[in-house]
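A.B. asks: To start, I am sharing the structure in question, which I have written as structure tokens.
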Amino acid sequence: MYAVTAALFCLATLLRMGVLDCLDRDKGRFFLYLIPCAVLFMAAGFAFERRKMADDSRYFYPFAVAFTLAALSGAAVYHEPWVRLLKRVLPWTHGQIEYLFILNAGVYFVVDRICDFSSSLQVRTVGKSFRFVIPGHVMTSLLLLSLYEDASLLEARVFEWLLPAAACVFVFASIPRQMKNFLVSGLVFLAIGVYRLQQEVFPNRGLWPVFLLTCGLALMLGRRTMRRCG
């Protein structure tokens with residue numbers, strides 16, 4: 001009840017400060033105002049946990065995660081100053097919001113690394129929550145960038161190759177730490193990336209996808225055989 005009441009109090013305070021008008025004029029500013037709320041809930045959870053009140057702190061961390069995801073995602077979609085800044089600093093991005101989502105994924109990765117240094121299990125769980133959305137942010141953005149209508153042929157080809165490459169990175173990154181969401185997301189987007197390459201780069205050449213599939217099956221069977229022998 002304390003956590004829910006605090007969340008409602010934060011939203012009510014923002015509305016009384018005039019954030020309601022931002023929903024009509026500048027939606028991005030509303031999402032930016034959620035960032036201090038996320039910081040407050042994270043600090044409150046940590047403070048309760050330091051006072052040996054772990055049963056209470058675990059209700060505050062989910063609100064911190066939810067406010068952070070909503071704030072950064074909403075700001076990436078609606079905050080026009082960020083889009084203009086991106087277009088001015090990196091003109092080749094065309095100010096596309098997919099690049100902002102990739103930057104958000106970088107922020108989540110940094111937060112996950114920081115949380116991983118904590119001795120608190122709950123704080124490490126917060127980091128894992130952010131880790132869960134990283135593959136989707138990166139690979140969905142790469143897929144959408146490869147479909148961008150105003151992109152040049154070279155840009156489209158670069159992103160069509162980057163998608164399966166990034167998927168392979170997530171698949172292999174999942175192995176040391178047993179991160180199933182990285183593995184599943186990587187395999188799904190690897191299949192999408194291979195299909196896109198087959199359609200756009202290697203049309204009427206079906207041999208190489210069959211070769212990749214054969215190699216994958218051979219590796220799977222070889223690993224299973226090694227386990228049995230061991």
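Residue numbering restarts at 1 in every chain; chains get A, B, ... in the order shown in the structure tokens, and ligands count up from 1 in that same order.
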Skip Tyr61 (chain A) itself and residues of its chain fewer than 3 positions away, then list as a PyMOL selection string all residues within 9 Å of it, counting only C-alpha atoms.
C.D. replies: chain A and resi 38+41-46+57-58+64-66+122-123+126
A.B. asks: Give me the residues of region 72-151 of chain A that have any atom at most 12 Å from an atom of region 184-194 of chain A; for each, the nearest atom pair and the distance in Å, rounded to one decimal. Use only C-alpha atoms, sort by chain and number, and format it as a Markdown table.
C.D. replies:
| residue | atom | partner | partner_atom | distance |
| --- | --- | --- | --- | --- |
| A:Phe132 | CA | A:Ser185 | CA | 9.9 |
| A:Val133 | CA | A:Ser185 | CA | 10.0 |
| A:Ile134 | CA | A:Ser185 | CA | 9.8 |
| A:Pro135 | CA | A:Ser185 | CA | 6.4 |
| A:Gly136 | CA | A:Ser185 | CA | 7.2 |
| A:His137 | CA | A:Ser185 | CA | 10.7 |
| A:Val138 | CA | A:Phe189 | CA | 10.5 |
| A:Met139 | CA | A:Phe189 | CA | 6.9 |
| A:Thr140 | CA | A:Phe189 | CA | 8.2 |
| A:Ser141 | CA | A:Phe189 | CA | 11.2 |
| A:Leu142 | CA | A:Gly193 | CA | 9.8 |
| A:Leu143 | CA | A:Gly193 | CA | 8.0 |
| A:Leu144 | CA | A:Gly193 | CA | 11.6 |
| A:Ser146 | CA | A:Gly193 | CA | 10.1 |
| A:Leu147 | CA | A:Gly193 | CA | 11.9 |
A.B. asks: For each of A:Gln198, A:Phe63, A:Ala70, A:Ile97, take the minimum atom-to-atom distance to Val83 (chain A), counting only C-alpha atoms, then give the residue where this is smallest.
C.D. replies: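 Smallest separation from Val83 (chain A) among the options: A:Ile97.
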A.B. asks: Can you measure CA of Thr68 (chain A) to CA of Asp116 (chain A) for me? One decimal in Å is fine.
C.D. replies: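 Going from CA of Thr68 (chain A) over to CA of Asp116 (chain A) covers 17.5 Å.
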A.B. asks: Just give me the gap between CA of Glu160 (chain A) and CA of Arg196 (chain A) in Å, one decimal is fine.
C.D. replies: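 Answer for the CA of Glu160 (chain A) to CA of Arg196 (chain A) separation: 6.8 Å.
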